[in-house]
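Structure first, then comments.
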Amino acid sequence: MKNKNLLMTVLAVIMIAAMAMFAACDPVDNSGNGGNEDGYTVTFYRGTETLKTVTVKEGEKVENWTPEIENFEFMGWYAEASLAIAFDFNAAITEDTDVFGAFRENVYVEDTNSYYAIGGGSGELKAASWDHTKAAEALPFTKDATITNANVYTIELDMYAGDRFQICYGGGWTGQQGIGYVKGFEYCAGVNPNSGLEVTAEDRDYGEVKDADGKVVFIGGNEYDNGAENWNIILNEGCDGVYEFTLTTYPNAASYNTITWKLVKTLTPQTATHDMKFIGTMNGWSEENFEGLALNKAQNGETWSGVITITEDMYAEWTKGDATNPLGVECAALKIFNTVDGNYYGVNGNNVFLTAGTYAFKYTVATNAVEYQELAYYIVGTFLGDNNEVVNFAVKADVTPKFTVENGVATVTFTVADVTTNEAYKWIKDQGKTDANGNAACFSMKVVFGSEIEIKDWYGNGSDNFYLAAGTYTVTFDIATGTVTVVAA
C-alpha cells in the first residue's frame, strides 16, 4: 500500500512538472495587439495602385517614406483618397490603414497668368477692398524671371490682426486660392472666424497654419460651404507684421499649387480697429463720401449701430435683376463698411436690399454679423414684459404698442397697468407723479420713432414724459408737427 501511494505521489509530481514545462513553452504575446501576432496592414496607394504594404504592431507608428516614380514629383501622404487631410505619421496604428500619395507630373508648363492679392485689412490689403480691378493694380505678385523651370510668384504685405485675403487672377474668382493651399494648413478645433461657431477638427469648418514654434499665425474658416482652398487667409491676433508670400503654380495640375510664407519683420499693432459707415447706392459705393452715413460705437465697443433713411432716388436699376435680391424689385443696396480695414459686411455676405423707409442697423464686432429693422412709431415707457421683467423706455416686440399710420397721423390704443409694484418703477409714486387730471400716476411714457435695434426720435409732453393713471388710452401722434395727444379711451 505504501508503494502504491509512493507511486501516485511520483506521478503527480511528474505531471505538475510537465504542465510547468508546457506553460513555459507557450508563446508569449509581445505584439501588444491583444493576440494579433500578424499586426495591422498599412497599405500605401497611388490612386488605386498599391505601392507598398507594411505590417505594424498595434500601438506602434508606421515609418514615413518617399516613393520615387519616374517623371512624377511626390507631394505628400494623405489620410483619404481625396488628398484633403495629411496623414499623421505620429499617430499609433490601431487597425488596417490606407495611406494615399499625391504625385504631380514633373513637366514644366509656363504660367502666363498675372496673380494678385484681393482682400481687406488695416494694412496694404485695404487698397484692394475686395475689388478685382483695384487689387490687380495695387497688389500684384511678381514672377521670378530668374527661375526658368518653375512658376514662382512673390509679394510682401503689411498685415494686421484680422486682415484677410485670397490670391486670384484674371479679374474674377475663378482659380481663387486661399488658406487650403498654404503649406502646413490643417483642420483644427476652434472658433470659425466667419460664423463665430465652435467647431471640431472633424467638422472641417476651421483651420490653422502655425510657425516653426507652434504659434498659430494664420487662420481660416468656412463661409460659403466651400473647401479650405477657397477660404480667406486671415492673420491671427498678435501676429502683426510684414509677410512675404510665395506662390508656386502648376498650370497642368493647379490643385498642387502651393503658398509658402515668411515673416519679414514685426509691426506694432494698430489701436483703432473699426470705424463703421454705410456704403452703397446712396453714395455711389464711394469710400470717400460718408457724410451722414456713420454708425456709432457702443460704450462696450462690442457693437456699432446707426440709422439710415432710404429714398427712391437712391435706387439702382441693376438691383431688380440681382439674384441675391429677395425683394425682386428695383431698390437701394448697401453694406456696412469698415474704413479702417476696408472690409464690407452684409447679410450672409450679400448686399442688403431696401425700399424707401428708415432703418436701424447693428454690426456686432465679434461675429461680423449685420442686423437691421425698419423703424416705426411706438409707445415706450415703464412697461413690464413676461415674467414681470423690466422693459424700460425701450422697444420690444409684443410689449411696446406699435402705432398704425394713416395720412400722416399715427394712432394706437393701449391699456395701462400699475407698474409701481415693481421695485424698478416705485419712483413714479415716490416722486408723487400725477396725470393731467391730478390723479396719482402709475405709468410713464413717450412716443418714439425707432426699433428694437435703435431709437432715432423721441416725443414727450414737452420735455417731460407723459404720466398716466391705470386705464385705457388712445394716443395720437401728428408726424408733421411732432405733437402727441393722449386721451382716455
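So you can find residues: chains in the C-alpha cells are A, B, ... in the order shown, residues in each start at 1, and ligands are numbered from 1 in order.
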request  = Identify all residues of region 47-243 of chain A in alpha helix (DSSP H) (DSSP on the backbone) and supply them as a ChimeraX atom specification.
outcome  = /A:132-138
Given the selection you just returned, output its residues as a file containing N, CA and C atoms, formatted as a PDB file, in the first residue's frame.
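Saved the output as selection.pdb:
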ATOM      1  N   HIS A 132     -11.573  93.501 -57.683  1.00  0.00           N
ATOM      2  CA  HIS A 132     -10.549  92.856 -58.512  1.00  0.00           C
ATOM      3  C   HIS A 132      -9.709  93.865 -59.296  1.00  0.00           C
ATOM      4  N   THR A 133     -10.349  94.908 -59.791  1.00  0.00           N
ATOM      5  CA  THR A 133      -9.592  95.912 -60.559  1.00  0.00           C
ATOM      6  C   THR A 133      -8.578  96.626 -59.669  1.00  0.00           C
ATOM      7  N   LYS A 134      -9.030  97.033 -58.478  1.00  0.00           N
ATOM      8  CA  LYS A 134      -8.121  97.700 -57.538  1.00  0.00           C
ATOM      9  C   LYS A 134      -7.007  96.753 -57.099  1.00  0.00           C
ATOM     10  N   ALA A 135      -7.372  95.504 -56.819  1.00  0.00           N
ATOM     11  CA  ALA A 135      -6.390  94.538 -56.335  1.00  0.00           C
ATOM     12  C   ALA A 135      -5.321  94.260 -57.384  1.00  0.00           C
ATOM     13  N   ALA A 136      -5.729  94.095 -58.621  1.00  0.00           N
ATOM     14  CA  ALA A 136      -4.773  93.804 -59.686  1.00  0.00           C
ATOM     15  C   ALA A 136      -3.780  94.943 -59.868  1.00  0.00           C
ATOM     16  N   GLU A 137      -4.246  96.170 -59.656  1.00  0.00           N
ATOM     17  CA  GLU A 137      -3.371  97.334 -59.814  1.00  0.00           C
ATOM     18  C   GLU A 137      -2.468  97.546 -58.601  1.00  0.00           C
ATOM     19  N   ALA A 138      -3.039  97.366 -57.401  1.00  0.00           N
ATOM     20  CA  ALA A 138      -2.308  97.735 -56.187  1.00  0.00           C
ATOM     21  C   ALA A 138      -1.513  96.594 -55.566  1.00  0.00           C
TER      22      ALA A 138
END
request  = Tell me which protein, DNA and RNA residues are within 6 Å of region 455-467 of chain A, counting only C-alpha atoms, leaving out same-chain ones fewer than 6 positions away, and put them as a ChimeraX atom specification.
outcome  = /A:435,441,443-449
Output file for the residues above (C-alpha atoms, as an mmCIF file, in the first residue's frame):
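To be explicit, this is the file written out as out31.cif:
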data_model
loop_
_atom_site.group_PDB
_atom_site.id
_atom_site.type_symbol
_atom_site.label_atom_id
_atom_site.label_comp_id
_atom_site.auth_asym_id
_atom_site.auth_seq_id
_atom_site.Cartn_x
_atom_site.Cartn_y
_atom_site.Cartn_z
ATOM 1 C CA ASP A 435 -51.659 112.509 -14.626
ATOM 2 C CA ALA A 441 -49.838 108.157 -11.802
ATOM 3 C CA PHE A 443 -47.067 104.664 -15.535
ATOM 4 C CA SER A 444 -44.650 106.887 -17.521
ATOM 5 C CA MET A 445 -44.384 107.030 -21.352
ATOM 6 C CA LYS A 446 -43.162 108.756 -24.502
ATOM 7 C CA VAL A 447 -43.630 108.233 -28.245
ATOM 8 C CA VAL A 448 -40.595 107.190 -30.280
ATOM 9 C CA PHE A 449 -39.636 106.588 -33.879
#
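Comparing the minimum interatomic distances between Lys262 (chain A) and each of A:Ser122, A:Thr154, A:Thr309, A:Asn71, counting only C-alpha atoms, we find that A:Thr154 sits nearest.
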For Thr248 (chain A), the nearest of the candidates A:Thr174, A:Asn151, A:Thr48, A:Thr53, counting only C-alpha atoms =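 The closest residue to Thr248 (chain A) is A:Asn151.
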message = Among region 18-202 of chain A, which ones does DSSP assign to strand (DSSP E) (computed from the backbone)? Answer as a count of residues only.
response = 66
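In this model, the gap between CA of Asp98 (chain A) and CA of Thr43 (chain A) comes to 4.9 Å.
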Counting only C-alpha atoms, give me one row per residue of region 221-284 of chain A with an atom at most 7 Å from an atom of region 325-345 of chain A, showing the shortest contact pair and its distance in Å to one decimal, sorted by chain then residue number, as CSV.
residue,atom,partner,partner_atom,distance
A:Thr273,CA,A:Val340,CA,6.1
A:His274,CA,A:Val340,CA,5.6
A:Asp275,CA,A:Asn338,CA,5.3
A:Met276,CA,A:Asn338,CA,4.6
A:Lys277,CA,A:Phe337,CA,5.2
A:Phe278,CA,A:Ile336,CA,4.9
A:Ile279,CA,A:Leu334,CA,5.5
A:Gly280,CA,A:Leu334,CA,4.0
A:Thr281,CA,A:Ala333,CA,5.7
inquiry  = Taking only C-alpha atoms into account, name the residue in A:Thr404, A:Phe393, A:Tyr377, A:Ile428 that is nearest to Ser451 (chain A).
reply    = A:Tyr377
request  = Please identify all polymer residues within 6 Å of region 222-236 of chain A, counting only C-alpha atoms, omitting same-chain residues fewer than 5 positions from it, and present them as a PyMOL selection string.
outcome  = chain A and resi 161-166+177-181+194+205+217
Those same residues - C-alpha atoms - I'd like them written as a tab-separated table (two decimals), in the first residue's frame.
chain	number	residue	atom	x	y	z
A	161	ALA	CA	-4.63	91.10	-36.98
A	162	GLY	CA	-7.83	90.27	-38.83
A	163	ASP	CA	-6.53	91.25	-42.27
A	164	ARG	CA	-7.60	88.66	-44.83
A	165	PHE	CA	-7.05	87.83	-48.47
A	166	GLN	CA	-7.05	85.31	-51.29
A	177	GLN	CA	-6.56	80.28	-53.87
A	178	GLY	CA	-6.88	80.56	-50.13
A	179	ILE	CA	-5.56	79.07	-46.92
A	180	GLY	CA	-6.02	75.48	-48.08
A	181	TYR	CA	-3.05	75.99	-50.43
A	194	ASN	CA	-16.83	83.86	-40.05
A	205	ASP	CA	-15.04	74.35	-40.78
A	217	VAL	CA	-0.13	82.69	-37.46
ask   = Using only C-alpha atoms, which of the listed residues (A:Glu406, A:Ile259, A:Ser129, A:Lys429) sits closest to Trp285 (chain A)?
value =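 With only C-alpha atoms as the atom set, the closest residue is A:Ser129.
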request  = Point out the residue among A:Leu263, A:Val486, A:Val99, A:Ala189 with the least atom-to-atom distance to Glu80 (chain A), counting only C-alpha atoms.
outcome  =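 Among A:Leu263, A:Val486, A:Val99, A:Ala189, it is A:Val99 that comes nearest to Glu80 (chain A).
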Quick one: residues within 7 Å of region 472-475 of chain A, only C-alpha atoms counted, chain neighbours fewer than 5 positions away excluded, as a PDB file with C-alpha atoms, in the first residue's frame?
ATOM      1  CA  THR A 411     -52.650 106.169 -33.685  1.00  0.00           C
ATOM      2  CA  VAL A 412     -52.667 103.412 -31.072  1.00  0.00           C
ATOM      3  CA  THR A 413     -54.890 102.372 -28.174  1.00  0.00           C
ATOM      4  CA  PHE A 414     -53.404 100.557 -25.205  1.00  0.00           C
ATOM      5  CA  THR A 415     -54.164  99.685 -21.585  1.00  0.00           C
ATOM      6  CA  VAL A 416     -52.061 100.915 -18.681  1.00  0.00           C
ATOM      7  CA  THR A 485     -52.174 113.714 -27.795  1.00  0.00           C
ATOM      8  CA  VAL A 486     -53.204 111.274 -25.044  1.00  0.00           C
ATOM      9  CA  VAL A 487     -56.897 110.807 -24.172  1.00  0.00           C
ATOM     10  CA  ALA A 488     -58.760 108.246 -22.104  1.00  0.00           C
ATOM     11  CA  ALA A 489     -60.459 105.770 -24.407  1.00  0.00           C
TER      12      ALA A 489
END
key: Atomic distance CA of Gly346 (chain A) - CA of Pro193 (chain A), expressed in Å with one decimal   = 15.5 Å
request  = May I have the residues within 7 Å of Asp240 (chain A) as a count of residues only, using only C-alpha atoms and disregarding those fewer than 6 positions away in the same chain?
outcome  = 7
